[in-house]
Every structure is written in structure tokens, then in C-alpha cells.
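J.: Pasting a structure here, questions to come.
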Amino acid sequence: MPVASHSVGRRERNKRDKLDRIVAAASELFAEHGVDEVTTQQIADKADIGTGTLFLYAKTKGELLLLVQNAKYVKALEQGRADAETVPDVLDAVLAIVRPIVECNRVQIDNGRTYLREMIFGDPEEPRHSEALAIVAQTEEAIAAALRRDERVAEGDAATLAHIVSAVAFLSLAVSVNIGLSVEELVQDIRRQVEVLLPR
């Protein structure tokens, strides 16, 4: 019995190793060239695996981008939550959550915009897409928690407002006219829009 257990452990380690190599290869190539300029063959070659193996982990370049970016967005959300805890003003706390996500999205602008497109229009049944949507839900929960600090914001309204804030941030990041904006300009654009939503 221990032999079977040992082989399962080795198989899982090999799968994890391949996944790590795929993520590292895709991350490096996407950052250097942009997702649209990279082929799945290049990713497979860099990860030192066959394309057939690559497709076992992600069926499209969009899924590969989600695989790479989801982990980065989780870290950005963790940073935003931690930053918001130390900010007493409600609007500033909301923006503290949003800022690291904006920064993450702007590291490679085309990749960031493609990630948002894949997240919204991709197949929600696909694991990478469902992970991305879960990150959005967690972001909205964090924003709602910050909004609840204001006693004028009703419990049910906090979730609705958080959903609107998420949509505002998404559109600010995705629209073509904002491609040239800096992180600070985007955050200020989001701030102006969110400020109108909050009770006065």
C-alpha cells in the first residue's frame, strides 16, 4: 500500500511541477511580448513540455492568461484589504482596496485589458474563469465591508454599491480612451465616480 501512495504523491508533484513551469513560462512571455504576440507553442517550448500536455492545463491562451493573472490579482486584493484596514475614511478605504488591483492591471496594459475581457466573456464553467470571478466576488465583499463603516449605508445597499464600484473600476480599466492614463489618473477617475455614489 505505501508504494501506491508514494506513486500518487510523485504523480501529483510532477503535475504541480509542470503547472509551475507553465505559469512561469507564460508569465515571462506574456510580460515580455504581450499575450497577443505569444503562441501556445512558445509557452510549451519554454516550459519544456509538449503542446498536448499544455492543453491539459489550459485549452486556450485566454485560460493561460487567467492562470497567470489570477494569482497576481489575489495578491493585489490581499494588499488592498490590508491597506484599507488602516484607513479610517470610507472612500479612501475603498480606493485603498482598488489601487493595487489597478496597479496589477497596468503592469502590461494589453494583458490587463485582455484579462478583464477573458474574465467577463469567458466560460464561467472553466476553472480559471470561475477563479477570476471568485476574485471579483471577494473584491466586492472587501469593498462592501469598507462601505459598511459608514452607518448611513444600509447592509443591503453596501453589497449593491460594491458591485457598482467594481463595475466602475472595470470600465475605467477596460475602455480604450483610458489606455494612456497612469495608475494615479485611473484611481482619481474611479474616485470621482465613486464619490458621487456615497451618502453625503
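To be explicit about the labels: the chains of the C-alpha cells are called A, B, and onward in the order shown, and within each one the residues are counted from 1, while ligands get numbers from 1 in the order they are shown.
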Just the residues within 9 Å of range 125-134 of chain A, please, counting only C-alpha atoms, with nothing from its chain fewer than 4 positions along; format it as a ChimeraX atom specification.
T.: /A:58,63-64,66-67,69-70,73,118-120,138-139
J.: Would you return as number ranges by chain the members of range 6-95 of chain A that DSSP assigns to alpha helix (DSSP H) on this structure's backbone?
T.: A: 6-33, 40-47, 51-57, 61-85, 90-95
J.: Would you mind telling me which residue in A:Leu173, A:Arg11, A:Glu151, A:Val136 lies nearest to Val74 in chain A when using only C-alpha atoms?
T.: A:Val136
J.: Could you give me, as a PDB file with C-alpha atoms, in the first residue's frame, the residues within 12 Å of Ala47 in chain A, counting only C-alpha atoms and dropping anything in the same chain fewer than 4 positions from it?
T.:
ATOM      1  CA  ASP A  17       5.967  20.941 -11.330  1.00  0.00           C
ATOM      2  CA  LYS A  18       4.550  21.097 -14.861  1.00  0.00           C
ATOM      3  CA  LEU A  19       1.922  23.613 -13.817  1.00  0.00           C
ATOM      4  CA  ASP A  20       4.589  25.779 -12.140  1.00  0.00           C
ATOM      5  CA  ARG A  21       6.730  25.633 -15.302  1.00  0.00           C
ATOM      6  CA  ILE A  22       3.742  26.555 -17.475  1.00  0.00           C
ATOM      7  CA  VAL A  23       2.827  29.507 -15.246  1.00  0.00           C
ATOM      8  CA  ALA A  24       6.455  30.720 -15.148  1.00  0.00           C
ATOM      9  CA  ALA A  25       6.868  30.398 -18.920  1.00  0.00           C
ATOM     10  CA  ALA A  26       3.541  32.049 -19.758  1.00  0.00           C
ATOM     11  CA  SER A  27       4.114  34.799 -17.207  1.00  0.00           C
ATOM     12  CA  GLU A  28       7.544  35.639 -18.601  1.00  0.00           C
ATOM     13  CA  LEU A  29       6.483  35.516 -22.251  1.00  0.00           C
ATOM     14  CA  THR A  40       0.999  28.335 -27.173  1.00  0.00           C
ATOM     15  CA  GLN A  41       3.927  26.556 -28.888  1.00  0.00           C
ATOM     16  CA  GLN A  42       6.342  29.163 -27.464  1.00  0.00           C
ATOM     17  CA  ILE A  43       4.905  28.643 -23.984  1.00  0.00           C
ATOM     18  CA  THR A  51       1.620  21.295 -26.552  1.00  0.00           C
ATOM     19  CA  THR A  53       0.402  18.473 -22.188  1.00  0.00           C
ATOM     20  CA  LEU A  54      -0.042  22.244 -22.143  1.00  0.00           C
TER      21      LEU A  54
END
J.: Which is closer to Gly112 in chain A than all the others in A:Glu195, A:Asp36, A:Asp48, A:Glu12, using only C-alpha atoms?
T.: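 Distance minimum relative to Gly112 in chain A lands on A:Asp36.
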J.: With only C-alpha atoms as the atoms that count, which of A:Leu197, A:Ile109, A:Ala76, A:Leu91 lies nearest to Gly34 in chain A?
T.: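 Closest to Gly34 in chain A, using only C-alpha atoms: A:Ile109.
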J.: Compare A:Gln193, A:Gln79, A:Ser176, A:Asn105 by their minimum atom-to-atom distance to Ala142 in chain A, counting only C-alpha atoms, and give me the closest one.
T.: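 Smallest distance to Ala142 in chain A is found for A:Gln79.
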J.: I want to know what sits within 8 Å of Leu186 in chain A, based on only C-alpha atoms, with residues of the same chain fewer than 5 positions away left out; could you give that as JSON, numbers by chain?
T.: {"A": [102, 172, 173, 178, 181]}
J.: Pull all heavy atoms from the residues just selected and write them as a compact mmCIF listing (two decimals), in the first residue's frame.
T.:
# COMPACT_ATOMS: atom_id res chain seq x y z
N VAL A 102 -5.69 48.11 -9.65
CA VAL A 102 -5.38 48.98 -10.80
C VAL A 102 -3.90 48.82 -11.16
O VAL A 102 -3.55 48.64 -12.34
CB VAL A 102 -5.72 50.45 -10.48
CG1 VAL A 102 -5.21 51.38 -11.60
CG2 VAL A 102 -7.22 50.63 -10.28
N SER A 172 -13.27 51.65 -16.11
CA SER A 172 -12.14 52.59 -16.15
C SER A 172 -10.88 51.91 -16.66
O SER A 172 -10.10 52.50 -17.41
CB SER A 172 -11.89 53.18 -14.77
OG SER A 172 -12.96 54.03 -14.40
N LEU A 173 -10.68 50.65 -16.28
CA LEU A 173 -9.51 49.90 -16.70
C LEU A 173 -9.61 49.40 -18.14
O LEU A 173 -8.62 49.28 -18.84
CB LEU A 173 -9.27 48.71 -15.77
CG LEU A 173 -8.82 49.05 -14.36
CD1 LEU A 173 -8.88 47.81 -13.48
CD2 LEU A 173 -7.42 49.63 -14.38
N ASN A 178 -8.89 55.23 -21.96
CA ASN A 178 -8.07 55.35 -20.74
C ASN A 178 -6.72 54.65 -20.85
O ASN A 178 -5.97 54.62 -19.88
CB ASN A 178 -8.83 54.77 -19.54
CG ASN A 178 -9.94 55.69 -19.07
OD1 ASN A 178 -10.09 56.80 -19.55
ND2 ASN A 178 -10.73 55.21 -18.14
N LEU A 181 -3.74 56.56 -19.53
CA LEU A 181 -3.76 57.11 -18.18
C LEU A 181 -2.80 56.35 -17.25
O LEU A 181 -2.65 55.15 -17.36
CB LEU A 181 -5.17 57.06 -17.59
CG LEU A 181 -6.25 57.89 -18.29
CD1 LEU A 181 -7.56 57.79 -17.51
CD2 LEU A 181 -5.83 59.34 -18.46
J.: Rounded to one decimal in Å, what is the spacing between CA of Asp189 in chain A and CA of Val98 in chain A?
T.: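 Interatomic distance, CA of Asp189 in chain A to CA of Val98 in chain A: 11.8 Å.
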J.: Determine, counting only C-alpha atoms, which protein, DNA and RNA residues have an atom within 12 Å of an atom of Ala154 in chain A; residues of the same chain fewer than 4 positions away are not included. Present the result as number ranges by chain.
T.: A: 144-145, 147-150, 158-161, 198-199
J.: Please determine, counting only C-alpha atoms, which residue among A:Ile179, A:Ala146, A:Ile190, A:Phe55 has the shortest atom-to-atom distance to Ala167 in chain A.
T.: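 Closest to Ala167 in chain A, using only C-alpha atoms: A:Ile190.
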